[in-house]
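Colleague: Enclosed is the structure file protein-v8.txt (compact mmCIF, C-alpha atoms and all ligand atoms).
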# COMPACT_ATOMS: atom_id res chain seq x y z
CA VAL S 15 14.12 -16.48 -24.53
CA SER S 16 15.50 -15.90 -28.04
CA ALA S 17 16.43 -12.22 -28.01
CA THR S 18 18.79 -9.84 -29.74
CA ILE S 19 19.97 -7.32 -27.15
CA HIS S 20 21.00 -3.90 -28.46
CA PRO S 21 23.29 -1.65 -26.37
CA GLY S 22 21.37 1.16 -24.70
CA PRO S 23 22.10 4.68 -23.42
CA TRP S 24 21.65 4.08 -19.67
CA LEU S 25 20.96 0.64 -18.23
CA LEU S 26 21.87 -1.74 -21.05
CA ARG S 27 25.47 -0.60 -21.48
CA PRO S 28 27.53 -3.75 -21.92
CA GLY S 29 30.87 -3.72 -20.17
CA GLY S 30 31.25 -7.14 -18.60
CA THR S 31 29.04 -9.12 -16.29
CA THR S 32 31.51 -9.88 -13.48
CA LEU S 33 31.42 -7.91 -10.23
CA ALA S 34 34.95 -6.62 -10.86
CA GLU S 35 33.97 -5.31 -14.31
CA HIS S 36 30.79 -3.80 -12.91
CA ARG S 37 32.69 -2.01 -10.12
CA ALA S 38 35.31 -0.81 -12.60
CA ARG S 39 32.52 0.90 -14.52
CA TYR S 40 30.25 2.15 -11.74
CA GLY S 41 32.64 2.36 -8.80
CA PRO S 42 31.79 1.10 -5.31
CA LEU S 43 28.19 0.84 -4.23
CA VAL S 44 27.11 4.31 -3.08
CA ARG S 45 25.28 4.23 0.23
CA THR S 46 22.28 6.44 0.62
CA SER S 47 19.81 6.93 3.46
CA ALA S 48 16.23 5.74 3.08
CA ASP S 49 14.98 9.35 3.04
CA GLU S 50 17.49 10.27 0.35
CA LEU S 51 16.49 7.25 -1.72
CA VAL S 52 12.81 8.22 -1.51
CA ARG S 53 13.62 11.85 -2.44
CA ALA S 54 15.92 10.91 -5.33
CA THR S 55 13.57 8.36 -6.89
CA GLU S 56 10.62 10.72 -6.48
CA ALA S 57 12.48 13.60 -8.15
CA ALA S 58 13.62 11.35 -11.00
CA GLU S 59 10.08 9.94 -11.32
CA ILE S 60 11.21 6.32 -11.16
CA LEU S 61 8.13 4.26 -12.00
CA GLY S 62 7.67 0.52 -11.63
CA ARG S 63 8.46 -1.25 -14.90
CA GLY S 64 6.57 -4.47 -14.36
CA GLY S 65 3.67 -2.96 -16.31
CA ALA S 66 1.59 -0.99 -13.82
CA GLY S 67 3.90 2.05 -13.71
CA PHE S 68 3.32 2.79 -10.02
CA PRO S 69 5.79 5.32 -8.50
CA PHE S 70 8.63 3.45 -6.79
CA ALA S 71 9.10 6.13 -4.09
CA ARG S 72 5.48 5.91 -2.99
CA LYS S 73 5.60 2.13 -2.75
CA LEU S 74 8.85 2.27 -0.77
CA GLU S 75 7.40 4.90 1.56
CA THR S 76 4.32 2.74 2.17
CA ALA S 77 6.37 -0.35 3.05
CA ARG S 78 8.80 1.68 5.16
CA SER S 79 6.16 3.53 7.15
CA ARG S 80 4.22 0.41 8.20
CA PRO S 81 5.01 -0.62 11.77
CA ALA S 82 6.68 -4.03 11.44
CA LEU S 83 9.59 -5.91 12.91
CA ARG S 84 10.43 -7.42 9.53
CA ARG S 85 9.89 -6.39 5.94
CA HIS S 86 10.62 -8.19 2.69
CA LEU S 87 11.94 -7.28 -0.73
CA VAL S 88 11.08 -9.31 -3.82
CA VAL S 89 12.94 -8.82 -7.10
CA ASN S 90 10.73 -10.02 -9.92
CA LEU S 91 12.50 -11.17 -13.09
CA SER S 92 9.82 -13.62 -14.18
CA GLU S 93 8.50 -12.30 -17.45
CA GLY S 94 5.38 -14.38 -18.01
CA GLU S 95 4.56 -12.57 -21.24
CA PRO S 96 6.13 -14.39 -24.21
CA ALA S 97 6.81 -11.12 -26.08
CA SER S 98 8.89 -9.59 -23.27
CA ALA S 99 12.64 -10.12 -22.86
CA LYS S 100 13.78 -6.94 -21.12
CA ASP S 101 14.34 -8.43 -17.66
CA ALA S 102 16.20 -11.36 -19.22
CA ALA S 103 18.36 -8.80 -21.06
CA LEU S 104 19.16 -6.93 -17.83
CA ALA S 105 19.96 -10.20 -16.07
CA ARG S 106 22.37 -11.19 -18.82
CA VAL S 107 24.03 -7.82 -19.54
CA VAL S 108 24.06 -5.99 -16.17
CA PRO S 109 23.06 -8.46 -13.43
CA HIS S 110 25.00 -6.53 -10.78
CA LEU S 111 23.13 -3.31 -11.56
CA VAL S 112 19.86 -5.07 -10.68
CA LEU S 113 21.43 -6.57 -7.54
CA ASP S 114 22.87 -3.18 -6.50
CA GLY S 115 19.35 -1.70 -6.75
CA ALA S 116 18.12 -4.55 -4.55
CA VAL S 117 20.86 -3.94 -1.94
CA LEU S 118 20.04 -0.20 -1.79
CA THR S 119 16.31 -0.86 -1.50
CA ALA S 120 16.79 -3.60 1.11
CA ALA S 121 18.86 -1.18 3.19
CA ALA S 122 16.08 1.42 2.97
CA LEU S 123 13.60 -1.22 4.15
CA ARG S 124 16.01 -2.38 6.86
CA THR S 125 15.75 -5.96 5.69
CA ARG S 126 18.45 -8.49 4.89
CA GLU S 127 16.17 -10.94 3.18
CA VAL S 128 15.83 -10.50 -0.58
CA HIS S 129 13.82 -12.92 -2.72
CA LEU S 130 14.77 -13.21 -6.38
CA VAL S 131 12.09 -14.67 -8.63
CA LEU S 132 13.63 -16.00 -11.86
CA PRO S 133 11.96 -17.35 -15.01
CA GLY S 134 12.25 -21.10 -14.39
CA GLU S 135 12.27 -22.02 -18.09
CA ASP S 136 15.02 -19.55 -19.07
CA ALA S 137 18.29 -21.35 -18.26
CA ALA S 138 20.56 -18.54 -19.53
CA THR S 139 18.93 -15.93 -17.29
CA VAL S 140 18.98 -18.23 -14.26
CA ARG S 141 22.66 -19.02 -14.88
CA SER S 142 23.63 -15.36 -15.22
CA VAL S 143 21.90 -14.33 -11.99
CA GLN S 144 23.29 -17.29 -10.06
CA GLN S 145 26.83 -16.53 -11.24
CA ALA S 146 26.38 -12.92 -10.11
CA LEU S 147 25.03 -14.08 -6.74
CA ALA S 148 27.96 -16.46 -6.25
CA GLU S 149 30.34 -13.50 -6.63
CA ARG S 150 28.41 -11.48 -4.07
CA CYS S 151 28.25 -14.14 -1.35
CA SER S 152 31.48 -12.92 0.20
CA ASN S 153 30.93 -9.29 -0.77
CA ALA S 154 31.12 -7.02 2.28
CA GLU S 155 29.21 -4.28 0.41
CA ASP S 156 26.06 -6.39 0.60
CA ARG S 157 26.24 -6.38 4.41
CA GLY S 158 24.93 -9.86 5.04
CA ILE S 159 22.01 -9.89 2.60
CA ARG S 160 20.46 -13.33 2.36
CA TRP S 161 19.53 -13.93 -1.29
CA LYS S 162 16.77 -16.47 -1.78
CA VAL S 163 16.18 -17.73 -5.31
CA HIS S 164 12.80 -18.97 -6.58
CA ARG S 165 11.91 -20.24 -10.04
CA ALA S 166 8.61 -19.10 -11.50
CA THR S 167 6.52 -21.36 -13.71
CA HIS S 168 6.24 -20.53 -17.40
CA ARG S 169 2.75 -19.04 -17.47
CA PHE S 170 1.36 -15.65 -18.44
CA VAL S 171 -0.13 -14.89 -15.01
CA ALA S 172 2.81 -16.32 -12.99
CA GLY S 173 4.60 -12.96 -12.81
CA GLU S 174 1.65 -11.12 -11.32
CA SER S 175 2.59 -9.78 -7.90
CA SER S 176 0.23 -11.93 -5.80
CA ALA S 177 1.24 -15.01 -7.86
CA VAL S 178 4.90 -14.31 -7.10
CA LEU S 179 4.17 -14.07 -3.36
CA GLN S 180 2.29 -17.38 -3.52
CA LEU S 181 5.34 -19.00 -5.16
CA ILE S 182 7.61 -17.73 -2.37
CA LEU S 183 5.19 -19.11 0.23
CA GLY S 184 5.43 -22.55 -1.40
CA ASN S 185 1.99 -22.47 -2.99
CA ASP S 186 0.92 -22.68 -6.64
CA ASN S 187 2.49 -19.83 -8.65
CA LEU S 188 -0.93 -18.32 -9.43
CA PRO S 189 -2.69 -15.05 -8.57
CA VAL S 190 -4.99 -14.81 -5.58
CA THR S 191 -7.26 -12.07 -4.31
CA ALA S 192 -5.13 -9.44 -2.55
CA TRP S 193 -7.22 -7.36 -0.16
CA GLU S 194 -4.38 -4.92 0.49
CA PRO S 195 -1.32 -3.91 -1.53
CA ALA S 196 1.72 -6.09 -0.78
CA ALA S 197 3.64 -2.98 0.35
CA ARG S 198 1.19 -2.82 3.27
CA ARG S 199 0.52 -6.53 3.82
CA GLY S 200 2.44 -9.07 1.79
CA LEU S 201 4.52 -12.12 2.77
CA HIS S 202 3.36 -13.46 6.16
CA GLY S 203 1.29 -10.28 6.56
CA ARG S 204 4.44 -8.11 6.57
CA PRO S 205 5.19 -5.10 4.36
CA THR S 206 6.66 -6.50 1.15
CA LEU S 207 8.06 -4.51 -1.72
CA VAL S 208 7.70 -6.38 -5.02
CA CYS S 209 9.96 -4.69 -7.59
CA ASN S 210 10.60 -5.42 -11.22
CA ALA S 211 14.24 -5.92 -12.26
CA GLU S 212 14.23 -2.84 -14.51
CA THR S 213 12.88 -0.70 -11.67
CA LEU S 214 15.80 -1.69 -9.44
CA ALA S 215 18.37 -1.22 -12.21
CA GLN S 216 17.03 2.34 -12.59
CA VAL S 217 17.38 2.91 -8.84
CA ALA S 218 21.00 1.74 -8.83
CA ALA S 219 21.96 3.79 -11.92
CA LEU S 220 20.25 6.89 -10.53
CA VAL S 221 22.04 6.67 -7.18
CA ARG S 222 25.41 6.07 -8.83
CA GLU S 223 25.18 8.74 -11.53
CA PRO S 224 22.36 11.18 -10.66
CA GLU S 225 23.59 13.73 -13.18
CA SER S 226 23.63 11.28 -16.09
CA VAL S 227 19.98 10.30 -16.33
CA PRO S 228 18.94 10.60 -19.99
CA GLY S 229 15.46 11.43 -21.21
CA LEU S 230 13.12 14.42 -21.15
CA PRO S 231 12.97 16.97 -18.30
CA SER S 232 9.29 16.07 -17.97
CA GLU S 233 9.97 12.34 -18.21
CA PRO S 234 13.49 11.35 -17.19
CA GLY S 235 14.96 7.94 -17.89
CA THR S 236 14.66 5.34 -20.60
CA ARG S 237 12.33 2.64 -21.83
CA ILE S 238 13.54 -0.85 -22.52
CA LEU S 239 11.40 -2.03 -25.41
CA SER S 240 10.89 -5.63 -26.50
CA VAL S 241 10.11 -5.45 -30.21
CA THR S 242 8.84 -8.64 -31.86
CA ARG S 243 10.32 -9.20 -35.34
CA SER S 244 10.41 -12.14 -37.73
CA ASP S 245 13.81 -13.22 -36.30
CA GLY S 246 12.77 -13.01 -32.65
CA ILE S 247 12.54 -10.34 -29.97
CA HIS S 248 14.80 -7.29 -30.20
CA VAL S 249 15.49 -5.61 -26.85
CA ILE S 250 16.09 -1.90 -27.48
CA GLU S 251 16.65 0.71 -24.75
CA VAL S 252 15.82 4.29 -25.78
CA ALA S 253 15.74 7.55 -23.85
CA HIS S 254 12.30 9.03 -23.28
CA GLY S 255 11.80 11.51 -26.09
CA ALA S 256 13.48 9.36 -28.76
CA ALA S 257 11.60 9.29 -32.07
CA TRP S 258 9.59 6.15 -32.79
CA SER S 259 10.86 6.45 -36.35
CA ASP S 260 14.38 5.77 -35.00
CA VAL S 261 13.20 2.64 -33.21
CA LEU S 262 10.93 0.99 -35.76
CA THR S 263 11.47 0.34 -39.45
CA ASP S 264 9.44 2.04 -42.15
CA ALA S 265 7.58 -1.22 -42.84
CA GLU S 266 6.75 -1.62 -39.13
CA LEU S 267 5.43 1.96 -38.99
CA GLY S 268 3.26 1.15 -41.99
CA SER S 269 1.49 -1.61 -40.03
CA PRO S 270 -0.77 -1.73 -37.00
CA ILE S 271 1.28 -2.15 -33.82
CA LEU S 272 0.25 -3.75 -30.55
CA LEU S 273 1.71 -1.54 -27.78
CA GLY S 274 1.92 -2.67 -24.16
CA GLY S 275 1.80 -6.39 -24.85
CA TYR S 276 -0.99 -8.95 -24.86
CA HIS S 277 -2.95 -6.80 -22.38
CA GLY S 278 -2.21 -3.71 -24.46
CA SER S 279 -3.81 -1.81 -27.33
CA TRP S 280 -3.50 -1.78 -31.10
CA VAL S 281 -2.49 1.53 -32.67
CA ALA S 282 -1.93 2.56 -36.29
CA GLY S 283 1.85 2.57 -36.89
CA ASP S 284 1.48 5.71 -39.01
CA GLY S 285 0.31 7.53 -35.90
CA LEU S 286 3.74 6.94 -34.30
CA ARG S 287 5.83 8.36 -37.16
CA ASP S 288 6.06 11.87 -35.70
CA ARG S 289 5.81 10.94 -32.05
CA GLN S 290 8.32 10.45 -29.27
CA VAL S 291 8.66 7.40 -27.06
CA THR S 292 6.96 8.24 -23.77
CA ALA S 293 5.31 6.11 -21.09
CA TYR S 294 1.73 7.11 -21.87
CA GLY S 295 1.43 8.20 -25.46
CA PRO S 296 -0.50 7.37 -27.48
CA VAL S 297 -1.42 4.43 -25.20
CA PRO S 298 0.31 3.13 -22.03
CA LEU S 299 3.50 1.25 -22.87
CA GLY S 300 3.23 -1.01 -19.83
CA ALA S 301 6.27 -3.28 -19.73
CA GLY S 302 7.50 -1.86 -23.07
CA ILE S 303 6.25 -4.58 -25.39
CA VAL S 304 5.91 -3.62 -29.07
CA ILE S 305 4.44 -6.08 -31.57
CA PRO S 306 4.11 -4.88 -35.17
CA LEU S 307 1.61 -6.86 -37.22
CA PRO S 308 3.51 -8.80 -39.92
CA THR S 309 2.63 -7.77 -43.47
CA GLY S 310 -0.20 -9.80 -44.99
CA THR S 311 -1.55 -10.93 -41.59
CA CYS S 312 -5.21 -10.52 -40.74
CA PRO S 313 -5.32 -8.47 -37.49
CA LEU S 314 -8.64 -10.00 -36.47
CA GLU S 315 -7.25 -13.51 -36.74
CA ARG S 316 -4.03 -12.49 -34.96
CA THR S 317 -6.01 -10.91 -32.11
CA THR S 318 -8.20 -14.01 -31.84
CA GLU S 319 -5.04 -16.14 -31.48
CA LEU S 320 -3.85 -13.88 -28.66
CA LEU S 321 -7.26 -13.98 -26.94
CA GLU S 322 -7.32 -17.78 -27.17
CA TYR S 323 -3.81 -17.89 -25.70
CA LEU S 324 -4.83 -15.56 -22.84
CA ALA S 325 -7.99 -17.59 -22.15
CA GLY S 326 -5.80 -20.69 -21.85
CA GLN S 327 -3.32 -19.02 -19.49
CA SER S 328 -5.69 -18.05 -16.67
CA ALA S 329 -5.61 -19.80 -13.32
CA ARG S 330 -9.22 -20.93 -14.03
CA ARG S 331 -10.28 -19.96 -10.55
CA CYS S 332 -12.65 -17.05 -11.17
CA GLY S 333 -15.84 -17.03 -13.26
CA PRO S 334 -14.70 -14.42 -15.79
CA CYS S 335 -11.65 -16.51 -16.64
CA VAL S 336 -13.36 -19.92 -16.65
CA HIS S 337 -16.37 -18.90 -18.75
CA GLY S 338 -15.87 -15.34 -19.97
CA LEU S 339 -12.46 -15.37 -21.64
CA PRO S 340 -13.05 -18.45 -23.86
CA ALA S 341 -16.42 -16.95 -24.89
CA LEU S 342 -14.74 -13.62 -25.63
CA ALA S 343 -12.11 -15.33 -27.79
CA ASP S 344 -14.91 -17.20 -29.64
CA ALA S 345 -16.94 -14.03 -30.20
CA HIS S 346 -13.85 -12.23 -31.52
CA GLY S 347 -13.06 -15.21 -33.76
CA SER S 348 -16.52 -14.88 -35.31
CA LEU S 349 -15.63 -11.36 -36.52
CA SER S 350 -13.34 -12.78 -39.18
CA ARG S 351 -16.33 -14.80 -40.41
CA GLY S 352 -18.46 -11.66 -40.75
CA ALA S 353 -20.11 -11.45 -37.30
CA ASP S 354 -21.17 -8.23 -35.57
CA VAL S 355 -19.10 -6.65 -32.75
CA ALA S 356 -21.96 -6.50 -30.20
CA ALA S 357 -21.08 -9.83 -28.54
CA VAL S 358 -17.43 -8.78 -28.15
CA HIS S 359 -18.42 -5.53 -26.42
CA GLU S 360 -20.91 -7.30 -24.17
CA LEU S 361 -18.47 -10.03 -23.07
CA ALA S 362 -15.66 -7.50 -22.54
CA ARG S 363 -18.01 -5.54 -20.28
CA LEU S 364 -19.06 -8.65 -18.36
CA VAL S 365 -15.52 -9.86 -17.52
CA THR S 366 -14.05 -6.46 -16.62
CA GLY S 367 -13.47 -5.87 -12.91
CA ARG S 368 -14.77 -9.33 -11.98
CA GLY S 369 -11.56 -11.35 -11.50
CA ALA S 370 -9.29 -11.73 -8.49
CA CYS S 371 -6.51 -10.25 -10.62
CA ALA S 372 -6.43 -7.96 -13.65
CA HIS S 373 -6.08 -10.75 -16.24
CA PRO S 374 -9.71 -10.53 -17.45
CA ASP S 375 -9.49 -6.70 -17.60
CA GLY S 376 -6.32 -6.80 -19.70
CA THR S 377 -7.77 -9.43 -22.03
CA ALA S 378 -10.95 -7.38 -22.47
CA GLN S 379 -8.80 -4.33 -23.23
CA LEU S 380 -7.10 -6.18 -26.11
CA ALA S 381 -10.48 -7.25 -27.57
CA ARG S 382 -11.92 -3.71 -27.29
CA SER S 383 -8.92 -2.13 -28.95
CA SER S 384 -9.11 -4.62 -31.81
CA VAL S 385 -12.76 -3.89 -32.67
CA SER S 386 -12.10 -0.17 -32.38
CA VAL S 387 -8.86 0.11 -34.40
CA PHE S 388 -9.90 -2.49 -36.98
CA ALA S 389 -13.50 -1.31 -37.38
CA ASP S 390 -13.01 -0.96 -41.16
CA ASP S 391 -11.62 -4.47 -41.37
CA VAL S 392 -14.54 -5.84 -39.34
CA ALA S 393 -16.88 -4.22 -41.90
CA ALA S 394 -14.77 -5.59 -44.76
CA HIS S 395 -15.00 -9.11 -43.33
CA ALA S 396 -18.78 -8.73 -43.11
CA ALA S 397 -18.68 -7.86 -46.83
CA GLY S 398 -16.56 -10.92 -47.61
CA HIS S 399 -12.93 -9.83 -47.72
CA CYS S 400 -9.97 -8.88 -45.50
CA LEU S 401 -8.22 -5.52 -45.90
CA PHE S 402 -4.87 -6.80 -44.64
CA SER S 403 -4.38 -10.30 -45.99
CA GLY S 404 -6.25 -9.65 -49.27
CA THR S 405 -8.18 -12.87 -48.70
CA ARG S 406 -11.71 -13.19 -50.12
CA LEU S 407 -13.96 -14.95 -47.64
CA ASP S 408 -16.60 -17.54 -48.35
CA LEU S 409 -19.13 -16.33 -45.77
CA ASP S 410 -21.69 -18.97 -46.71
CA ALA S 411 -19.17 -21.71 -46.03
CA ALA S 412 -18.17 -19.99 -42.77
CA ALA S 413 -21.83 -19.88 -41.70
CA ARG S 414 -22.26 -23.60 -42.45
S1 LIG P 501 -9.01 -13.49 -12.64
FE1 LIG P 501 -8.36 -15.28 -13.81
S2 LIG P 501 -6.13 -15.24 -13.78
FE2 LIG P 501 -6.84 -13.85 -12.18
S3 LIG P 501 -6.93 -15.09 -10.33
FE3 LIG P 501 -8.96 -15.23 -11.25
S4 LIG P 501 -8.89 -17.05 -12.57
FE4 LIG P 501 -6.78 -16.48 -12.06
Write out the structure in this file as structure tokens.
Modeller:
Amino acid sequence: VSATIHPGPWLLRPGGTTLAEHRARYGPLVRTSADELVRATEAAEILGRGGAGFPFARKLETARSRPALRRHLVVNLSEGEPASAKDAALARVVPHLVLDGAVLTAAALRTREVHLVLPGEDAATVRSVQQALAERCSNAEDRGIRWKVHRATHRFVAGESSAVLQLILGNDNLPVTAWEPAARRGLHGRPTLVCNAETLAQVAALVREPESVPGLPSEPGTRILSVTRSDGIHVIEVAHGAAWSDVLTDAELGSPILLGGYHGSWVAGDGLRDRQVTAYGPVPLGAGIVIPLPTGTCPLERTTELLEYLAGQSARRCGPCVHGLPALADAHGSLSRGADVAAVHELARLVTGRGACAHPDGTAQLARSSVSVFADDVAAHAAGHCLFSGTRLDLDAAAR
């Protein structure tokens, strides 16, 4: 992953990646009981940062309260989405913070088996985590944790929770139908907590310095944003409540912005100028992906490219992915040649809620947001020109 990592106010504070440097900064690993960990993470509103935003405390409670002789913890660092680099940034800047969060959570689950799922194609991230693990092998603080490393395939849906469990079981790294949440019934039918790397880094930082959590009283903590720019992805951690105008440039705020990633929603950048960074406004931030539309780019064509990419990334196991997503990408592509939006709405409706995983729903969400936010541009294309690229269209030629 080509990323520029900016120092942040809470988790992304560079200070050395070795265990000795990490301990010099944070002190020894603070032990906490499972009840205390649930209470602390509930009070601090620690939410999962893989994209779904589910409360960590509730997931931990579910896994902990299930009667089972063994439980499992999975640390997911496999960012399938090409525009995300936040977990890679954590792995490279503060790997021991992520591993501390895993040790604390494993203790709360009373398990010694921790699975680490790394992005197989990202050699720098794999190297950083493996170096950190090598230092911890003889570390008494970890109390005999057995770290098991797995390498995810480079595919958009490979990081989905059921796909990650399949990888660990030795199967194809693809989603499957999950009849129950993994926290109730995951690996080998046992309670399994699947946590994103950022979630666990938050847990470790909270336990170590509970008085130093930045953010808003109503929304403590930070967001680690992955902002796509012409020179690559910029990873920027900001406290909740920071102004968007301090994060994005004036030019970026003058453009449409895709928030929440390829399964996210387009918003008008101008609408962010006076707003604060929060998890849910104006649309869910998901895994913190921010993609401003480059100047002079047609948003309809850009969205069609993303829809075609998403259609090609599915596991091709369920009807909506095999038939629906390519048709949706085609229908959206026709908009830039002057077509009506009815087919896009109809196909988005048909694929939603019909897959084994949420990939069709997220793809439909992107298509819906495009036709809604760019309604004027859809009309302009029907009249023969593009509002963003300035291109005049030859609709007769397009029809032929
Ligand atoms: S909905 Fe699509 S991506 Fe999800 S499991 Fe089915 S085929 Fe795979």
Colleague: Could you list, with a cut-off of 10 Å and counting only C-alpha atoms and all ligand atoms, the residues of chain S near ligand LIG 501 (chain P), each shown with its nearest atom pair and the distance in Å rounded to one decimal, rows sorted by chain and ascending number, as a Markdown table?
Modeller:
| residue | atom | partner | partner_atom | distance |
| --- | --- | --- | --- | --- |
| S:Phe170 | CA | P:LIG501 | S2 | 8.8 |
| S:Val171 | CA | P:LIG501 | S2 | 6.1 |
| S:Ala172 | CA | P:LIG501 | S2 | 9.0 |
| S:Glu174 | CA | P:LIG501 | FE2 | 9.0 |
| S:Ser176 | CA | P:LIG501 | S3 | 9.0 |
| S:Ala177 | CA | P:LIG501 | S3 | 8.5 |
| S:Leu188 | CA | P:LIG501 | FE4 | 6.7 |
| S:Pro189 | CA | P:LIG501 | S3 | 4.6 |
| S:Val190 | CA | P:LIG501 | S3 | 5.1 |
| S:Thr191 | CA | P:LIG501 | S3 | 6.7 |
| S:Ala192 | CA | P:LIG501 | S3 | 9.8 |
| S:Leu324 | CA | P:LIG501 | S2 | 9.2 |
| S:Ala325 | CA | P:LIG501 | FE1 | 8.7 |
| S:Gly326 | CA | P:LIG501 | S2 | 9.7 |
| S:Gln327 | CA | P:LIG501 | S2 | 7.4 |
| S:Ser328 | CA | P:LIG501 | S2 | 4.1 |
| S:Ala329 | CA | P:LIG501 | FE4 | 3.7 |
| S:Arg330 | CA | P:LIG501 | S4 | 4.2 |
| S:Arg331 | CA | P:LIG501 | S4 | 3.8 |
| S:Cys332 | CA | P:LIG501 | S4 | 4.0 |
| S:Gly333 | CA | P:LIG501 | S4 | 7.0 |
| S:Pro334 | CA | P:LIG501 | S1 | 6.6 |
| S:Cys335 | CA | P:LIG501 | FE1 | 4.5 |
| S:Val336 | CA | P:LIG501 | S4 | 6.7 |
| S:His337 | CA | P:LIG501 | S4 | 9.9 |
| S:Gly338 | CA | P:LIG501 | FE1 | 9.7 |
| S:Leu339 | CA | P:LIG501 | FE1 | 8.8 |
| S:Val365 | CA | P:LIG501 | S1 | 8.9 |
| S:Thr366 | CA | P:LIG501 | S1 | 9.5 |
| S:Gly367 | CA | P:LIG501 | S1 | 8.8 |
| S:Arg368 | CA | P:LIG501 | S1 | 7.1 |
| S:Gly369 | CA | P:LIG501 | S1 | 3.5 |
| S:Ala370 | CA | P:LIG501 | FE3 | 4.5 |
| S:Cys371 | CA | P:LIG501 | FE2 | 3.9 |
| S:Ala372 | CA | P:LIG501 | FE2 | 6.1 |
| S:His373 | CA | P:LIG501 | S2 | 5.1 |
| S:Pro374 | CA | P:LIG501 | S1 | 5.7 |
| S:Asp375 | CA | P:LIG501 | S1 | 8.4 |
Colleague: Which one of S:Ser92, S:Glu223, S:Glu149, S:Gln180 sits closest to S:Ala166 if you count all atoms listed in the file?
Modeller: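 Of the candidates, the smallest distance to S:Ala166 is held by S:Ser92.
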Colleague: Considering all atoms listed in the file, return as an NGL selection string whatever protein or nucleic-acid residues lie within 7 Å of stretch 252-258 of chain S, sequence-local ones (same chain, fewer than 2 positions apart) excluded.
Modeller: :S and (22-23 or 228-230 or 233-238 or 250 or 260-262 or 286-287 or 289-292)
Colleague: Can you tell me, as an NGL selection string, what residues are no more than 8 Å from S:Gly274 when counting only C-alpha atoms, ignoring any on the same chain fewer than 3 positions away?
Modeller: :S and (277-279 or 297-304)
Colleague: Which residue out of S:Asp114, S:Glu56, S:Asp408, S:Glu315 has the minimum interatomic distance to S:Ala381 when all atoms listed in the file are used?
Modeller: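 When distances to S:Ala381 are compared using all atoms listed in the file, the smallest one comes from S:Glu315.
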Colleague: I want to know what sits within 12 Å of S:Ser383, based on only C-alpha atoms, with residues of the same chain fewer than 2 positions away left out; could you give that as a ChimeraX atom specification?
Modeller: /S:270-274,276-282,297,313-314,317,346,355,358-359,362,376-381,385-389
Colleague: If we count all atoms listed in the file, what is near S:Ala219 at a cut-off of 12 Å, once residues fewer than 6 positions away on the same chain are taken out, given as a ChimeraX atom specification?
Modeller: /S:23-27,36,39-41,43-44,54-55,58,60,108,110-116,118,212-213,225-228,235-236
